[in-house]
file upload36.pdb (PDB, C-alpha atoms and all ligand atoms)
MODEL        1
ATOM      1  CA  MET A 155     118.738 104.560  66.709
ATOM      2  CA  THR A 156     120.850 106.753  68.997
ATOM      3  CA  ILE A 157     120.649 104.732  72.222
ATOM      4  CA  GLU A 158     123.680 102.491  72.434
ATOM      5  CA  LYS A 159     123.576 101.118  75.967
ATOM      6  CA  ILE A 160     121.114 100.126  78.628
ATOM      7  CA  ARG A 161     121.415  98.898  82.193
ATOM      8  CA  VAL A 162     119.584  95.657  83.015
ATOM      9  CA  SER A 163     119.065  94.355  86.563
ATOM     10  CA  ILE A 164     121.187  91.296  87.154
ATOM     11  CA  GLY A 165     118.124  89.057  87.678
ATOM     12  CA  SER A 166     116.500  90.321  84.485
ATOM     13  CA  ALA A 167     119.806  89.877  82.617
ATOM     14  CA  THR A 168     119.748  86.242  83.695
ATOM     15  CA  ILE A 169     116.157  85.740  82.496
ATOM     16  CA  LEU A 170     117.169  87.277  79.155
ATOM     17  CA  GLY A 171     120.199  84.972  78.896
ATOM     18  CA  PHE A 172     122.909  87.650  79.178
ATOM     19  CA  THR A 173     124.235  86.219  82.424
ATOM     20  CA  SER A 174     123.721  83.067  84.402
ATOM     21  CA  ILE A 175     123.552  83.405  88.145
ATOM     22  CA  LYS A 176     121.571  81.312  90.568
ATOM     23  CA  LEU A 177     118.291  83.092  91.229
ATOM     24  CA  GLU A 178     116.540  82.483  94.546
ATOM     25  CA  SER A 179     113.358  83.874  92.955
ATOM     26  CA  PRO A 180     113.264  84.734  89.245
ATOM     27  CA  PRO A 181     111.949  88.211  88.434
ATOM     28  CA  THR A 182     108.489  88.244  86.857
ATOM     29  CA  THR A 183     109.186  91.657  85.298
ATOM     30  CA  ILE A 184     112.189  92.717  83.206
ATOM     31  CA  TYR A 185     113.799  95.699  84.974
ATOM     32  CA  VAL A 186     115.967  98.078  82.959
ATOM     33  CA  MET A 187     117.459 101.471  83.703
ATOM     34  CA  THR A 188     118.420 104.330  81.395
ATOM     35  CA  TYR A 189     122.183 104.423  80.884
ATOM     36  CA  LYS A 190     124.036 107.632  81.584
ATOM     37  CA  LYS A 191     127.725 108.199  82.039
ATOM     38  CA  GLY A 192     128.062 109.418  85.612
ATOM     39  CA  LYS A 193     125.261 109.862  88.085
ATOM     40  CA  CYS A 194     121.706 111.187  88.321
ATOM     41  CA  ILE A 195     121.427 114.962  88.798
ATOM     42  CA  ALA A 196     119.179 114.401  91.820
ATOM     43  CA  ASN A 197     120.678 113.581  95.185
ATOM     44  CA  CYS A 198     118.340 111.257  97.090
ATOM     45  CA  GLY A 199     120.178 110.285 100.265
ATOM     46  CA  PHE A 200     119.344 106.575 100.060
ATOM     47  CA  CYS A 201     120.260 106.127  96.392
ATOM     48  CA  PRO A 202     123.541 104.843  94.938
ATOM     49  CA  GLN A 203     122.789 106.751  91.709
ATOM     50  CA  ALA A 204     122.600 110.080  93.577
ATOM     51  CA  ARG A 205     124.815 112.964  92.406
ATOM     52  CA  ASN A 206     126.981 112.975  95.548
ATOM     53  CA  SER A 207     127.009 109.274  96.368
ATOM     54  CA  ASN A 208     130.275 107.344  96.251
ATOM     55  CA  SER A 209     128.523 104.090  95.463
ATOM     56  CA  LEU A 210     129.260 101.979  92.418
ATOM     57  CA  ASN A 211     127.458 103.350  89.336
ATOM     58  CA  GLU A 212     126.202  99.849  88.678
ATOM     59  CA  LYS A 213     123.869  99.839  91.693
ATOM     60  CA  LEU A 214     120.263 100.790  92.279
ATOM     61  CA  SER A 215     119.132  99.766  95.746
ATOM     62  CA  ARG A 216     120.966  96.508  96.587
ATOM     63  CA  ILE A 217     120.860  95.253  92.996
ATOM     64  CA  ASN A 218     123.589  95.378  90.328
ATOM     65  CA  TRP A 219     122.563  96.708  86.917
ATOM     66  CA  PRO A 220     125.281  95.805  84.388
ATOM     67  CA  ILE A 221     125.427  97.620  81.032
ATOM     68  CA  PHE A 222     124.544  95.864  77.764
ATOM     69  CA  PRO A 223     124.381  97.047  74.141
ATOM     70  CA  PHE A 224     120.812  98.218  73.567
ATOM     71  CA  LYS A 225     120.472  96.332  70.281
ATOM     72  CA  ASP A 226     121.507  93.070  71.988
ATOM     73  CA  PHE A 227     118.959  93.755  74.693
ATOM     74  CA  LEU A 228     116.244  94.149  72.040
ATOM     75  CA  THR A 229     117.225  90.875  70.384
ATOM     76  CA  LYS A 230     117.156  88.984  73.687
ATOM     77  CA  LEU A 231     113.880  90.631  74.614
ATOM     78  CA  LYS A 232     112.241  89.603  71.359
ATOM     79  CA  TYR A 233     113.234  85.980  71.842
ATOM     80  CA  THR A 234     112.477  85.756  75.573
ATOM     81  CA  ALA A 235     109.168  87.646  75.452
ATOM     82  CA  SER A 236     107.741  85.016  73.120
ATOM     83  CA  LEU A 237     108.610  82.356  75.728
ATOM     84  CA  LYS A 238     106.362  84.230  78.203
ATOM     85  CA  LYS A 239     109.014  84.293  80.901
ATOM     86  CA  PHE A 240     107.898  87.643  82.321
ATOM     87  CA  GLN A 241     104.756  89.754  82.526
ATOM     88  CA  ARG A 242     105.954  93.352  82.295
ATOM     89  CA  ILE A 243     108.894  95.608  81.460
ATOM     90  CA  CYS A 244     109.772  98.329  83.956
ATOM     91  CA  ILE A 245     112.078 101.193  82.965
ATOM     92  CA  GLN A 246     113.813 103.126  85.752
ATOM     93  CA  THR A 247     114.637 106.617  84.563
ATOM     94  CA  LEU A 248     117.451 108.638  86.082
ATOM     95  CA  ASN A 249     117.146 112.407  86.182
ATOM     96  CA  TYR A 250     119.365 114.057  83.533
ATOM     97  CA  ALA A 251     118.872 116.538  80.707
ATOM     98  CA  GLU A 252     118.059 114.093  77.882
ATOM     99  CA  ASN A 253     116.250 111.478  79.964
ATOM    100  CA  LEU A 254     112.877 111.868  78.285
ATOM    101  CA  GLN A 255     114.333 111.720  74.800
ATOM    102  CA  ASP A 256     116.215 108.527  75.763
ATOM    103  CA  LEU A 257     113.158 107.056  77.428
ATOM    104  CA  ILE A 258     110.959 107.625  74.389
ATOM    105  CA  GLU A 259     113.501 105.995  72.111
ATOM    106  CA  ILE A 260     113.867 103.020  74.456
ATOM    107  CA  ILE A 261     110.081 102.548  74.632
ATOM    108  CA  SER A 262     109.605 102.919  70.879
ATOM    109  CA  GLU A 263     112.282 100.320  70.128
ATOM    110  CA  ILE A 264     110.892  97.908  72.744
ATOM    111  CA  ARG A 265     107.427  98.304  71.212
ATOM    112  CA  LYS A 266     108.807  97.089  67.885
ATOM    113  CA  VAL A 267     109.772  93.726  69.405
ATOM    114  CA  THR A 268     107.065  93.007  71.988
ATOM    115  CA  ASN A 269     103.693  94.246  73.167
ATOM    116  CA  ILE A 270     104.226  93.258  76.809
ATOM    117  CA  PRO A 271     102.951  96.058  79.140
ATOM    118  CA  ILE A 272     105.526  98.743  79.924
ATOM    119  CA  SER A 273     105.778 100.693  83.177
ATOM    120  CA  VAL A 274     108.112 103.640  83.656
ATOM    121  CA  ALA A 275     109.462 105.024  86.923
ATOM    122  CA  ILE A 276     110.226 108.678  86.308
ATOM    123  CA  PRO A 277     110.980 111.925  88.118
ATOM    124  CA  PRO A 278     108.122 114.480  87.837
ATOM    125  CA  ILE A 279     107.595 115.675  84.246
ATOM    126  CA  SER A 280     105.103 117.947  82.501
ATOM    127  CA  LYS A 281     101.655 116.846  81.437
ATOM    128  CA  ASP A 282     102.602 117.095  77.758
ATOM    129  CA  GLU A 283     105.591 114.870  78.376
ATOM    130  CA  LEU A 284     103.349 112.377  80.167
ATOM    131  CA  LYS A 285     101.073 112.415  77.110
ATOM    132  CA  ASP A 286     104.086 111.658  74.897
ATOM    133  CA  LEU A 287     104.883 108.639  77.039
ATOM    134  CA  LYS A 288     101.341 107.375  76.755
ATOM    135  CA  LEU A 289     101.330 107.876  72.986
ATOM    136  CA  CYS A 290     104.485 105.863  72.514
ATOM    137  CA  GLY A 291     103.048 102.888  74.387
ATOM    138  CA  VAL A 292     103.570 103.210  78.156
ATOM    139  CA  GLN A 293     100.814 101.519  80.159
ATOM    140  CA  ARG A 294     101.643 102.676  83.711
ATOM    141  CA  VAL A 295     103.671 105.446  85.324
ATOM    142  CA  GLY A 296     105.339 105.543  88.747
ATOM    143  CA  ILE A 297     106.537 108.740  90.425
ATOM    144  CA  ALA A 298     108.115 107.908  93.776
ATOM    145  CA  LEU A 299     107.302 110.034  96.804
ATOM    146  CA  ASP A 300     109.654 107.852  98.864
ATOM    147  CA  GLY A 301     108.948 109.808 102.070
ATOM    148  CA  ALA A 302     105.771 109.110 104.056
ATOM    149  CA  THR A 303     105.473 112.792 105.011
ATOM    150  CA  GLN A 304     106.508 116.099 103.497
ATOM    151  CA  LYS A 305     109.134 116.533 106.206
ATOM    152  CA  ILE A 306     110.725 113.166 105.480
ATOM    153  CA  PHE A 307     110.528 113.805 101.737
ATOM    154  CA  GLU A 308     112.455 117.069 102.174
ATOM    155  CA  LYS A 309     115.037 115.344 104.360
ATOM    156  CA  ILE A 310     115.712 112.436 102.015
ATOM    157  CA  LYS A 311     115.288 113.878  98.505
ATOM    158  CA  GLY A 312     114.546 117.589  98.756
ATOM    159  CA  ILE A 313     116.159 120.536 100.450
ATOM    160  CA  GLY A 314     117.816 118.395 103.160
ATOM    161  CA  VAL A 315     120.123 116.755 100.600
ATOM    162  CA  ASN A 316     120.333 119.663  98.140
ATOM    163  CA  GLY A 317     118.029 117.728  95.868
ATOM    164  CA  PRO A 318     115.828 119.272  93.168
ATOM    165  CA  TYR A 319     112.536 117.832  94.403
ATOM    166  CA  PHE A 320     109.476 119.335  96.094
ATOM    167  CA  TRP A 321     106.641 117.425  97.715
ATOM    168  CA  ARG A 322     104.061 119.656  96.036
ATOM    169  CA  SER A 323     105.399 119.168  92.510
ATOM    170  CA  HIS A 324     105.620 115.402  93.005
ATOM    171  CA  PHE A 325     101.948 115.403  93.953
ATOM    172  CA  ASP A 326     101.056 117.693  91.037
ATOM    173  CA  SER A 327     102.826 115.371  88.657
ATOM    174  CA  LEU A 328     101.031 112.344  90.138
ATOM    175  CA  ARG A 329      97.717 114.150  89.563
ATOM    176  CA  ASP A 330      98.695 115.020  85.968
ATOM    177  CA  ALA A 331      99.675 111.404  85.403
ATOM    178  CA  LEU A 332      96.239 110.322  86.639
ATOM    179  CA  GLU A 333      94.574 112.601  84.118
ATOM    180  CA  VAL A 334      96.724 111.285  81.296
ATOM    181  CA  PHE A 335      96.871 107.576  82.143
ATOM    182  CA  GLY A 336      93.618 107.140  84.088
ATOM    183  CA  ASN A 337      92.641 105.859  87.504
ATOM    184  CA  GLY A 338      94.600 102.873  88.749
ATOM    185  CA  LEU A 339      97.403 103.266  86.199
ATOM    186  CA  VAL A 340      99.598 105.540  88.317
ATOM    187  CA  SER A 341     101.795 104.304  91.157
ATOM    188  CA  THR A 342     104.095 105.702  93.777
ATOM    189  CA  HIS A 343     106.411 104.182  96.376
ATOM    190  CA  ILE A 344     106.975 104.908 100.028
ATOM    191  CA  ILE A 345     110.222 103.869 101.694
ATOM    192  CA  ILE A 346     109.713 102.749 105.288
ATOM    193  CA  GLY A 347     112.504 103.407 107.771
ATOM    194  CA  PHE A 348     112.971 107.169 108.002
ATOM    195  CA  GLY A 349     111.189 107.717 111.314
ATOM    196  CA  GLU A 350     107.649 107.796 109.896
ATOM    197  CA  THR A 351     104.855 106.676 112.222
ATOM    198  CA  GLN A 352     102.434 103.963 111.222
ATOM    199  CA  LYS A 353      99.605 106.460 111.493
ATOM    200  CA  GLU A 354     101.118 109.052 109.141
ATOM    201  CA  THR A 355     102.135 106.366 106.640
ATOM    202  CA  LEU A 356      98.668 104.826 106.541
ATOM    203  CA  LYS A 357      97.105 108.276 106.337
ATOM    204  CA  LEU A 358      99.149 108.965 103.193
ATOM    205  CA  ILE A 359      98.256 105.535 101.790
ATOM    206  CA  ALA A 360      94.551 106.226 102.408
ATOM    207  CA  GLU A 361      94.847 109.609 100.635
ATOM    208  CA  LEU A 362      96.641 108.092  97.657
ATOM    209  CA  HIS A 363      94.099 105.295  97.432
ATOM    210  CA  GLU A 364      91.298 107.866  97.511
ATOM    211  CA  LEU A 365      92.953 109.540  94.503
ATOM    212  CA  SER A 366      93.242 106.136  92.713
ATOM    213  CA  ILE A 367      97.042 106.152  92.963
ATOM    214  CA  LEU A 368      98.556 102.790  93.855
ATOM    215  CA  PRO A 369     101.080 103.088  96.724
ATOM    216  CA  GLY A 370     103.822 100.447  96.968
ATOM    217  CA  LEU A 371     106.171  99.894  99.898
ATOM    218  CA  PHE A 372     109.908  99.449 100.153
ATOM    219  CA  ALA A 373     112.013  98.917 103.243
ATOM    220  CA  PHE A 374     114.907 101.339 103.569
ATOM    221  CA  THR A 375     118.188  99.576 102.729
ATOM    222  CA  PRO A 376     121.550 101.145 103.574
ATOM    223  CA  ILE A 377     123.873 101.076 100.556
ATOM    224  CA  GLU A 378     127.599 101.696 100.858
ATOM    225  CA  GLY A 379     128.617 105.097  99.540
ATOM    226  CA  THR A 380     125.227 106.762 100.007
ATOM    227  CA  LYS A 381     124.496 109.567 102.477
ATOM    228  CA  PHE A 382     122.423 107.181 104.604
ATOM    229  CA  GLU A 383     124.858 104.251 104.437
ATOM    230  CA  ASN A 384     125.075 104.031 108.241
ATOM    231  CA  MET A 385     121.364 103.991 108.946
ATOM    232  CA  ILE A 386     119.670 100.742 109.861
ATOM    233  CA  GLN A 387     116.794  98.932 108.182
ATOM    234  CA  PRO A 388     113.320  99.351 109.687
ATOM    235  CA  ASN A 389     112.080  97.143 112.459
ATOM    236  CA  ILE A 390     110.252  94.219 110.840
ATOM    237  CA  ASN A 391     107.195  94.610 113.154
ATOM    238  CA  HIS A 392     106.808  98.224 112.004
ATOM    239  CA  PHE A 393     107.008  97.146 108.364
ATOM    240  CA  ARG A 394     104.569  94.223 108.706
ATOM    241  CA  LYS A 395     101.971  96.410 110.406
ATOM    242  CA  ILE A 396     102.193  98.975 107.612
ATOM    243  CA  GLN A 397     102.026  96.194 104.997
ATOM    244  CA  LEU A 398      98.838  94.788 106.524
ATOM    245  CA  GLY A 399      97.325  98.262 106.999
ATOM    246  CA  ARG A 400      98.083  99.169 103.387
ATOM    247  CA  TYR A 401      96.535  95.959 102.125
ATOM    248  CA  LEU A 402      93.354  96.478 104.126
ATOM    249  CA  LEU A 403      93.038 100.085 102.916
ATOM    250  CA  ILE A 404      93.736  99.608  99.229
ATOM    251  CA  ASN A 405      91.375  96.642  98.998
ATOM    252  CA  ASN A 406      88.632  98.605 100.800
ATOM    253  CA  TYR A 407      88.436  96.079 103.650
ATOM    254  CA  LYS A 408      89.022  98.917 106.147
ATOM    255  CA  LYS A 409      89.131 102.709 106.358
ATOM    256  CA  LEU A 410      91.745 104.646 108.293
ATOM    257  CA  ASP A 411      89.175 105.296 111.040
ATOM    258  CA  ASP A 412      88.784 101.555 111.603
ATOM    259  CA  PHE A 413      92.337 101.335 112.971
ATOM    260  CA  THR A 414      93.248 102.315 116.524
ATOM    261  CA  PHE A 415      96.585 104.067 117.062
ATOM    262  CA  ASN A 416      98.380 104.910 120.300
ATOM    263  CA  GLN A 417      99.870 108.323 121.043
ATOM    264  CA  LYS A 418     103.107 107.424 119.259
ATOM    265  CA  GLY A 419     101.146 106.677 116.087
ATOM    266  CA  ASP A 420     101.598 102.881 116.333
ATOM    267  CA  ILE A 421      98.653 100.698 115.362
ATOM    268  CA  ILE A 422      97.362  98.905 118.422
ATOM    269  CA  TYR A 423      94.227  97.406 116.872
ATOM    270  CA  PHE A 424      93.411  96.542 113.260
ATOM    271  CA  ASN A 425      89.743  95.926 113.945
ATOM    272  CA  LEU A 426      90.118  92.336 112.782
ATOM    273  CA  ASN A 427      89.549  89.053 114.583
ATOM    274  CA  LYS A 428      92.046  86.202 114.682
ATOM    275  CA  LYS A 429      90.234  84.209 112.009
ATOM    276  CA  GLU A 430      90.304  87.171 109.633
ATOM    277  CA  LEU A 431      94.012  87.739 110.301
ATOM    278  CA  ARG A 432      94.679  84.036 109.722
ATOM    279  CA  ASN A 433      92.899  84.263 106.364
ATOM    280  CA  PHE A 434      94.874  87.339 105.263
ATOM    281  CA  VAL A 435      98.156  85.683 106.230
ATOM    282  CA  GLU A 436      97.151  82.453 104.505
ATOM    283  CA  GLU A 437      96.250  84.370 101.367
ATOM    284  CA  SER A 438      99.639  86.209 101.738
ATOM    285  CA  GLU A 439      99.145  88.970  99.161
ATOM    286  CA  ALA A 440      99.634  91.701 101.794
ATOM    287  CA  PHE A 441     103.230  90.623 102.376
ATOM    288  CA  ARG A 442     104.320  90.145  98.754
ATOM    289  CA  THR A 443     106.155  92.804  96.726
ATOM    290  CA  THR A 444     103.825  95.698  95.956
ATOM    291  CA  GLY A 445     103.755  97.729  92.753
ATOM    292  CA  CYS A 446     102.497  97.249  89.220
ATOM    293  CA  PRO A 447     100.772  93.950  88.325
ATOM    294  CA  GLY A 448     103.382  91.297  87.618
ATOM    295  CA  CYS A 449     106.171  93.010  89.584
ATOM    296  CA  ASN A 450     108.057  90.993  92.221
ATOM    297  CA  ARG A 451     111.428  92.868  92.392
ATOM    298  CA  PRO A 452     113.289  89.982  94.040
ATOM    299  CA  TYR A 453     115.507  91.077  96.926
ATOM    300  CA  TYR A 454     115.534  94.700  95.863
ATOM    301  CA  THR A 455     115.529  95.807  99.502
ATOM    302  CA  SER A 456     115.930  92.536 101.416
ATOM    303  CA  LYS A 457     118.794  90.056 101.624
ATOM    304  CA  PRO A 458     117.728  86.547 100.566
ATOM    305  CA  SER A 459     118.975  85.452 104.028
ATOM    306  CA  GLY A 460     116.316  87.727 105.608
ATOM    307  CA  PRO A 461     114.591  89.512 107.059
ATOM    308  CA  ILE A 462     112.447  89.496 103.926
ATOM    309  CA  TYR A 463     110.354  92.649 103.913
ATOM    310  CA  ASN A 464     108.634  92.170 100.535
ATOM    311  CA  TYR A 465     108.262  88.516  99.538
ATOM    312  CA  PRO A 466     109.012  88.022  95.815
ATOM    313  CA  ARG A 467     107.541  84.504  95.991
ATOM    314  CA  LYS A 468     104.759  82.565  97.698
ATOM    315  CA  LEU A 469     105.073  82.451 101.473
ATOM    316  CA  ASN A 470     105.960  79.080 102.999
ATOM    317  CA  GLU A 471     104.374  77.762 106.202
ATOM    318  CA  ASN A 472     107.210  79.128 108.385
ATOM    319  CA  ASP A 473     106.881  82.613 106.858
ATOM    320  CA  LYS A 474     103.135  82.560 107.505
ATOM    321  CA  GLU A 475     103.488  81.405 111.101
ATOM    322  CA  GLU A 476     106.120  84.065 111.810
ATOM    323  CA  ILE A 477     103.919  86.828 110.373
ATOM    324  CA  TYR A 478     100.780  85.605 112.130
ATOM    325  CA  LYS A 479     102.563  85.513 115.514
ATOM    326  CA  LEU A 480     103.881  89.012 114.978
ATOM    327  CA  LEU A 481     100.479  90.513 114.146
ATOM    328  CA  GLU A 482      98.289  88.395 116.441
ATOM    329  CA  ARG A 483      98.632  90.944 119.279
ATOM    330  CA  PHE A 484      96.871  93.593 117.247
ATOM    331  CA  VAL A 485      93.632  91.689 116.559
ATOM    332  CA  ASN A 486      91.087  90.189 118.941
TER     333      ASN A 486
HETATM  334  S1  LIG B 501     115.909 110.527  91.222
HETATM  335 FE1  LIG B 501     115.943 108.307  91.368
HETATM  336  S2  LIG B 501     117.913 107.674  90.496
HETATM  337 FE2  LIG B 501     118.041 109.896  90.907
HETATM  338  S3  LIG B 501     118.964 110.019  92.947
HETATM  339 FE3  LIG B 501     116.730 110.060  93.243
HETATM  340  S4  LIG B 501     116.152 107.869  93.580
HETATM  341 FE4  LIG B 501     118.246 107.909  92.679
ENDMDL
END
call {"tool": "encode", "arguments": {"input": "upload36.pdb", "output": "structure tokens"}}
result
Amino acid sequence: MTIEKIRVSIGSATILGFTSIKLESPPTTIYVMTYKKGKCIANCGFCPQARNSNSLNEKLSRINWPIFPFKDFLTKLKYTASLKKFQRICIQTLNYAENLQDLIEIISEIRKVTNIPISVAIPPISKDELKDLKLCGVQRVGIALDGATQKIFEKIKGIGVNGPYFWRSHFDSLRDALEVFGNGLVSTHIIIGFGETQKETLKLIAELHELSILPGLFAFTPIEGTKFENMIQPNINHFRKIQLGRYLLINNYKKLDDFTFNQKGDIIYFNLNKKELRNFVEESEAFRTTGCPGCNRPYYTSKPSGPIYNYPRKLNENDKEEIYKLLERFVN
């Protein structure tokens, strides 16, 4: 075994028994990240791992990812997996020369101790490399678009930040992943808060859904030391409307044409009545963390003190009332 170290999110490290911190909501997935001395070779403007960021190396989004010996991680994983404390393992992969080699070794070693489903979040790779990942036991793949439009993508992770990424090749890789892994087993993420309109975001979500790619949502979070450290988080109304729109689209309750947008691209009517909205809020799924099955990423982009963009837990009555009041104006 050549891998010596791995980063584990602080919440996952607590579930595994490496650390003991008070968890507002325990993670339902174990989140790990490839370890590399230094930073990622990409330069996404929101990311503490970016090549030019001055953030702590330990961070990804607002979460700390301390380093542990890989063999200790495997031992803890073996013991904890049998206690059924989590439903999935998610491996975040930085972009660097040997990342695929490291990833394959990590997956192969994990497979020796548990058969819990594995998801990987990776930069675009070739179809043959995707096949290798499938062969060694990966169930789902995520390739993050992050931007809701090509223009935003270029600004936050492409040419605008001297990053290596292109919108087209991200899409090509998502399509390759679909061919290799199959419909419904490929995900992407969109970060809300870079000036996207609700209309363009939901248009992208509808397109991805049509392709059988699962789109998840994050709220932009400014992290000290990153290029975008001084930007603010998105307006919660904007985020909630996109969350509800996404939920209606990906569950085939509505099509994009069912929504009414104003000239600024804001949704002004969801084509729902109040009773239907009440039921969706009561059921709450639309406002929970989105991503692979079993993923709740607690407080990845929200402070526990609020506002909570993606709920990692069941909504309480206050949460539901707040959300209903906010969206009530857009139904009849
Ligand atoms: S590729 Fe991923 S880890 Fe690397 S800078 Fe971009 S978001 Fe961060």
call {"tool": "residues_near_ligand", "arguments": {"input": "upload36.pdb", "ligand": "ligand LIG 501 (chain B)", "cutoff": "7 Å", "atoms": "only C-alpha atoms and all ligand atoms", "output": "list of chain:residue names"}}
result
A:Cys194, A:Ile195, A:Ala196, A:Asn197, A:Cys198, A:Cys201, A:Pro202, A:Gln203, A:Ala204, A:Arg205, A:Thr247, A:Leu248, A:Asn249, A:Pro277, A:Lys311
call {"tool": "write_last_selection", "arguments": {"input": "upload36.pdb", "atoms": "C-alpha atoms", "output": "PDB file, keeping the file's coordinate frame"}}
result
ATOM      1  CA  CYS A 194     121.706 111.187  88.321  1.00  0.00           C
ATOM      2  CA  ILE A 195     121.427 114.962  88.798  1.00  0.00           C
ATOM      3  CA  ALA A 196     119.179 114.401  91.820  1.00  0.00           C
ATOM      4  CA  ASN A 197     120.678 113.581  95.185  1.00  0.00           C
ATOM      5  CA  CYS A 198     118.340 111.257  97.090  1.00  0.00           C
ATOM      6  CA  CYS A 201     120.260 106.127  96.392  1.00  0.00           C
ATOM      7  CA  PRO A 202     123.541 104.843  94.938  1.00  0.00           C
ATOM      8  CA  GLN A 203     122.789 106.751  91.709  1.00  0.00           C
ATOM      9  CA  ALA A 204     122.600 110.080  93.577  1.00  0.00           C
ATOM     10  CA  ARG A 205     124.815 112.964  92.406  1.00  0.00           C
ATOM     11  CA  THR A 247     114.637 106.617  84.563  1.00  0.00           C
ATOM     12  CA  LEU A 248     117.451 108.638  86.082  1.00  0.00           C
ATOM     13  CA  ASN A 249     117.146 112.407  86.182  1.00  0.00           C
ATOM     14  CA  PRO A 277     110.980 111.925  88.118  1.00  0.00           C
ATOM     15  CA  LYS A 311     115.288 113.878  98.505  1.00  0.00           C
TER      16      LYS A 311
END
call {"tool": "residues_around", "arguments": {"input": "upload36.pdb", "residues": "segment 178-190 of chain A", "least_positions_apart": "2", "cutoff": "8 Å", "atoms": "only C-alpha atoms", "output": "ChimeraX atom specification"}}
result
/A:159-163,165-166,169,176,192-194,219,221,239-248,253,256-257,448-452,458,466-467
call {"tool": "write_last_selection", "arguments": {"input": "upload36.pdb", "atoms": "C-alpha atoms", "output": "compact mmCIF listing (two decimals), keeping the file's coordinate frame"}}
result
# COMPACT_ATOMS: atom_id res chain seq x y z
CA LYS A 159 123.58 101.12 75.97
CA ILE A 160 121.11 100.13 78.63
CA ARG A 161 121.42 98.90 82.19
CA VAL A 162 119.58 95.66 83.02
CA SER A 163 119.06 94.36 86.56
CA GLY A 165 118.12 89.06 87.68
CA SER A 166 116.50 90.32 84.48
CA ILE A 169 116.16 85.74 82.50
CA LYS A 176 121.57 81.31 90.57
CA GLY A 192 128.06 109.42 85.61
CA LYS A 193 125.26 109.86 88.08
CA CYS A 194 121.71 111.19 88.32
CA TRP A 219 122.56 96.71 86.92
CA ILE A 221 125.43 97.62 81.03
CA LYS A 239 109.01 84.29 80.90
CA PHE A 240 107.90 87.64 82.32
CA GLN A 241 104.76 89.75 82.53
CA ARG A 242 105.95 93.35 82.30
CA ILE A 243 108.89 95.61 81.46
CA CYS A 244 109.77 98.33 83.96
CA ILE A 245 112.08 101.19 82.96
CA GLN A 246 113.81 103.13 85.75
CA THR A 247 114.64 106.62 84.56
CA LEU A 248 117.45 108.64 86.08
CA ASN A 253 116.25 111.48 79.96
CA ASP A 256 116.22 108.53 75.76
CA LEU A 257 113.16 107.06 77.43
CA GLY A 448 103.38 91.30 87.62
CA CYS A 449 106.17 93.01 89.58
CA ASN A 450 108.06 90.99 92.22
CA ARG A 451 111.43 92.87 92.39
CA PRO A 452 113.29 89.98 94.04
CA PRO A 458 117.73 86.55 100.57
CA PRO A 466 109.01 88.02 95.82
CA ARG A 467 107.54 84.50 95.99
call {"tool": "resolve_selection", "arguments": {"input": "upload36.pdb", "expression": "the PyMOL selection byres (((chain A and resi 316) around 10) and not hetatm)", "output": "MDAnalysis selection string"}}
result
chainID A and resid 196:199 205:206 308:315 317:319
call {"tool": "write_last_selection", "arguments": {"input": "upload36.pdb", "atoms": "C-alpha atoms", "output": "PDB file, keeping the file's coordinate frame"}}
result
ATOM      1  CA  ALA A 196     119.179 114.401  91.820  1.00  0.00           C
ATOM      2  CA  ASN A 197     120.678 113.581  95.185  1.00  0.00           C
ATOM      3  CA  CYS A 198     118.340 111.257  97.090  1.00  0.00           C
ATOM      4  CA  GLY A 199     120.178 110.285 100.265  1.00  0.00           C
ATOM      5  CA  ARG A 205     124.815 112.964  92.406  1.00  0.00           C
ATOM      6  CA  ASN A 206     126.981 112.975  95.548  1.00  0.00           C
ATOM      7  CA  GLU A 308     112.455 117.069 102.174  1.00  0.00           C
ATOM      8  CA  LYS A 309     115.037 115.344 104.360  1.00  0.00           C
ATOM      9  CA  ILE A 310     115.712 112.436 102.015  1.00  0.00           C
ATOM     10  CA  LYS A 311     115.288 113.878  98.505  1.00  0.00           C
ATOM     11  CA  GLY A 312     114.546 117.589  98.756  1.00  0.00           C
ATOM     12  CA  ILE A 313     116.159 120.536 100.450  1.00  0.00           C
ATOM     13  CA  GLY A 314     117.816 118.395 103.160  1.00  0.00           C
ATOM     14  CA  VAL A 315     120.123 116.755 100.600  1.00  0.00           C
ATOM     15  CA  GLY A 317     118.029 117.728  95.868  1.00  0.00           C
ATOM     16  CA  PRO A 318     115.828 119.272  93.168  1.00  0.00           C
ATOM     17  CA  TYR A 319     112.536 117.832  94.403  1.00  0.00           C
TER      18      TYR A 319
END
call {"tool": "residues_around", "arguments": {"input": "upload36.pdb", "residues": "Phe434 of chain A", "least_positions_apart": "3", "cutoff": "12 Å", "atoms": "only C-alpha atoms", "output": "list in words"}}
result
Gln397, Leu398, Gly399, Tyr401, Leu402, Asn405, Tyr407, Leu426, Asn427, Lys428, Lys429, Glu430, Leu431, Glu437, Ser438, Glu439, Ala440, Phe441, Arg442, Leu469, Lys474, Glu475, Ile477, Tyr478, Leu481 and Glu482 of chain A
call {"tool": "resolve_selection", "arguments": {"input": "upload36.pdb", "expression": "the PyMOL selection byres (((chain A and resi 324-331) around 10) and not hetatm)", "output": "ChimeraX atom specification"}}
result
/A:277-285,288,294-299,319-323,332-337,339-342,362,365-367
call {"tool": "axis_aligned_box", "arguments": {"input": "upload36.pdb", "around": "segment 418-432 of chain A", "padding_each_side": "5 Å", "output": "AutoDock Vina command-line options"}}
result
--center_x 96.3 --center_y 95.7 --center_z 114.4 --size_x 23.6 --size_y 33.4 --size_z 19.6
call {"tool": "atom_distance", "arguments": {"input": "upload36.pdb", "atom1": "atom CA of Ser207 of chain A", "atom2": "atom CA of Gly301 of chain A"}}
result
18.9 Å
call {"tool": "residues_near_point", "arguments": {"input": "upload36.pdb", "point": "(91.5, 104.1, 103.3)", "cutoff": "7 Å", "atoms": "all atoms listed in the file", "output": "list in words"}}
result
Ala360, Glu361, His363, Glu364, Leu403, Ile404, Asn406, Lys408, Lys409 and Leu410 of chain A
